[in-house]
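> My questions will all concern the structure given below.
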Amino acid sequence: MFEIPEPDGYLSASDVKDVAEEVIAPLPLPGVEGSPLDPGDIWLVVILACVNQTSIWETCKDTDGTPCDDTTLTWLHTLDRDWLEFVANLLLGRLAMTILDRSGSRIVSIDFIDNPYHGEHYVEEGELCSMAPKDGTTTCHRYCTAYVVSNEKPVTLAMTYVRNDEDEADAVERVLARVENYPFEIDLLLADSGFYNERVVRRAREIAPTVVHVPKKGERMKDKLDTHKSYMTTYRMYKDSERELRFPLAVAVSYHAGDRGKSGEVVRGYVACGVTDRSAKQVERLYRKRSGIETSYRLLRQARGITTTRDPVVRFAIMLVAALLENLWLVLRWAVVARPRRGGRDLPEEFTFKTFCDWIRHELEEQLRRQWKIKANEVGVPASQVLAAG
């Protein structure tokens with residue numbers, strides 16, 4: 001799929017660009033029949049748009065060695081979502097397993113990424129999901145993801161597109177199925193309150209011990225959370241129905257202590273399957289490990305191209321390219337640049353994700369002949385103004 005540069009000598013910008021191209025090129029792009037272009041020509045445009053955090057139009061306008069933006073988008077509109085998602089997840093997995101130990105074990109977090117969207121749906125209303133107001137809109141394209149919870153190797157394990165007209169548990173099932181296929185052991189699955197769902201909890205606990213934040217909804221749950229003392233108990237979701245689900249509930253009491261200007265007591269509940277040997281406060285500490293994925297989100301946004309297209313598959317492809325680039329950076333940072341030391345590897349502070357993106361940008365702008373000029377106005381300073389200045 002791709003060849004990692006040798007760890008001897010130096011890692012150059014050219015090396016980084018070449019391996020990024022090798023990683024992204026396998027994404028399936030049917031293309032336009034009879035076109036003289038190659039899928040690689042299109043993916044280079046997408047990569048440059050992502051590392052520049054700019055649009056396809058801007059990228060094509062500023063370079064001489066790329067197809068025009070209409071041609072590029074015409075090609076991208078031929079993407080098949082299911083095939084694209086299948087191959088992209090294979091690539092994410094291969095990158096992840098380049099640096100993850102098969103004999104080890106991992107904590108995995110699942111989450112939703114909402115990409116705010118302004119405008120109407122492209123073909124079907126089910127393309128768009130609802131979200132809390134953000135960036136002046138309440139609609140988005142949604143993706144379900146799985147990450148390794150790690151400070152050193154927070155790689156993306158899987159990603160799937162979520163439709164509004166499907167049960168979100170179906171999307172979670174797709175991601176969990178991919179996570180389950182990884183060759184390492186899963187110590188713990190973590191998820192926020194968006195995953196507090198009977199089907200999700202049942203499926204997750206089959207794979208590994210599971211901690212899910214519980215929303216404070218429903219009279220019975222509110223009663224459980226109406227306390228001043230942390231404790232462990234059992235909760236029955238859909239009590240006395242065919243769907244009834246019993247699970248351990250950890251109720252943890254903590255204090256804001258002036259955090260973000262807040263003070264006083266706060267009570268949180270957690271599904272605690274497979275961790276009943278822990279206290280409620282220990283379960284809460286386990287859940288807080290997932291806070292590290294916010295770093296991955298910030299990095300992902302640094303390599304997410306901009307597009308005004310309404311096509312959800314094209315928008316999904318841009319998100320997948322960003323995720324693949326982030327995983328590749330983690331691979332290069334750990335396998336090629338990080339220096340071995342007792343107890344692990346010394347991760348270099350200078351090889352940041354921004355540096356990684358800057359290197360790719362520099363090399364692609366050279367390769368695709370970035371235009372370092374702009375048309376002059378052919379007028380200049382008015383003669384009367386020149387005379388007055390004289």
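Chain labels run A, B, ... following the order of the structure tokens; each chain numbers its residues from 1, and ligands are numbered from 1 in the order shown.
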Return as a PyMOL selection string the full set of residues in range 102-233 of chain A whose backbone-based DSSP assignment is strand (DSSP E or B).
chain A and resi 105-116+129-134+137-148+156-162+185-191+210-214+231-233
> Those selected residues, please, written with C-alpha atoms and delivered as an mmCIF file, in the first residue's frame.

```
data_model
loop_
_atom_site.group_PDB
_atom_site.id
_atom_site.type_symbol
_atom_site.label_atom_id
_atom_site.label_comp_id
_atom_site.auth_asym_id
_atom_site.auth_seq_id
_atom_site.Cartn_x
_atom_site.Cartn_y
_atom_site.Cartn_z
ATOM 1 C CA SER A 105 -4.363 -3.920 24.413
ATOM 2 C CA ARG A 106 -6.076 -0.601 23.870
ATOM 3 C CA ILE A 107 -8.786 1.716 25.150
ATOM 4 C CA VAL A 108 -11.070 2.759 22.296
ATOM 5 C CA SER A 109 -13.455 5.702 22.148
ATOM 6 C CA ILE A 110 -16.358 6.005 19.746
ATOM 7 C CA ASP A 111 -17.808 9.384 18.856
ATOM 8 C CA PHE A 112 -19.803 11.383 16.345
ATOM 9 C CA ILE A 113 -18.238 14.141 14.249
ATOM 10 C CA ASP A 114 -20.727 16.754 13.066
ATOM 11 C CA ASN A 115 -19.629 18.765 10.036
ATOM 12 C CA PRO A 116 -21.882 21.875 9.994
ATOM 13 C CA CYS A 129 -28.661 15.277 10.430
ATOM 14 C CA SER A 130 -29.825 17.745 13.058
ATOM 15 C CA MET A 131 -27.496 19.170 15.675
ATOM 16 C CA ALA A 132 -27.362 21.894 18.297
ATOM 17 C CA PRO A 133 -26.888 25.379 16.786
ATOM 18 C CA LYS A 134 -23.310 25.873 15.599
ATOM 19 C CA THR A 137 -26.830 26.311 11.339
ATOM 20 C CA THR A 138 -28.558 23.328 12.929
ATOM 21 C CA THR A 139 -27.883 20.834 10.115
ATOM 22 C CA CYS A 140 -24.781 18.799 9.475
ATOM 23 C CA HIS A 141 -23.232 15.805 7.786
ATOM 24 C CA ARG A 142 -22.471 13.305 10.537
ATOM 25 C CA TYR A 143 -19.772 10.652 10.821
ATOM 26 C CA CYS A 144 -19.298 7.970 13.458
ATOM 27 C CA THR A 145 -15.675 7.293 14.348
ATOM 28 C CA ALA A 146 -13.542 5.100 16.576
ATOM 29 C CA TYR A 147 -10.209 6.233 18.014
ATOM 30 C CA VAL A 148 -7.476 4.709 20.102
ATOM 31 C CA THR A 156 -8.374 6.730 13.900
ATOM 32 C CA LEU A 157 -9.502 3.117 13.651
ATOM 33 C CA ALA A 158 -12.719 3.446 11.667
ATOM 34 C CA MET A 159 -15.163 5.958 10.226
ATOM 35 C CA THR A 160 -18.619 5.671 8.708
ATOM 36 C CA TYR A 161 -21.177 8.053 7.237
ATOM 37 C CA VAL A 162 -24.377 8.513 9.271
ATOM 38 C CA GLU A 185 -7.270 -6.749 22.632
ATOM 39 C CA ILE A 186 -9.697 -3.990 23.602
ATOM 40 C CA ASP A 187 -9.465 -3.136 27.290
ATOM 41 C CA LEU A 188 -12.321 -0.666 27.355
ATOM 42 C CA LEU A 189 -14.861 1.073 25.116
ATOM 43 C CA LEU A 190 -15.752 4.682 25.960
ATOM 44 C CA ALA A 191 -18.621 6.763 24.562
ATOM 45 C CA THR A 210 -17.956 -0.413 28.329
ATOM 46 C CA VAL A 211 -18.414 3.002 29.941
ATOM 47 C CA VAL A 212 -21.036 5.350 28.478
ATOM 48 C CA HIS A 213 -22.011 8.714 29.888
ATOM 49 C CA VAL A 214 -25.731 8.743 30.776
ATOM 50 C CA TYR A 231 -22.428 4.859 44.553
ATOM 51 C CA MET A 232 -22.841 1.833 42.282
ATOM 52 C CA THR A 233 -26.269 0.410 41.447
#
```
> Give me the range 316-388 of chain A side of the contact with range 61-78 of chain A, cut-off 9 Å, one line per residue showing its nearest atom pair and distance in Å at one decimal, counting only C-alpha atoms, sorted by chain and residue number, as a tab-separated table.

```
residue	atom	partner	partner_atom	distance
A:Ala317	CA	A:Leu76	CA	8.6
A:Glu365	CA	A:Thr63	CA	7.4
A:Gln367	CA	A:Gly65	CA	7.5
A:Leu368	CA	A:Gly65	CA	4.3
A:Arg369	CA	A:Asp64	CA	5.4
A:Arg370	CA	A:Thr63	CA	4.3
A:Gln371	CA	A:Thr63	CA	5.4
A:Trp372	CA	A:Asp62	CA	8.1
```
> Taking only C-alpha atoms into account, name the residue in A:Lys217, A:Lys354, A:His362, A:Arg310 that is nearest to Gly119 in chain A.
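Answer, going by the shortest atom-to-atom distance: A:Arg310.
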> For Glu166 in chain A, work out the shell of residues within 12 Å, counting only C-alpha atoms and skipping chain neighbours fewer than 3 positions away, then give it as a count of residues only.
14
> I'd like the contact shell of range 246-249 of chain A - 6 Å cut-off, only C-alpha atoms, skipping same-chain residues fewer than 2 positions apart - returned as a list in words.
Met232, Thr233, Thr234, Tyr235, Arg236, Tyr270, Val271, Ala272 and Cys273 of chain A
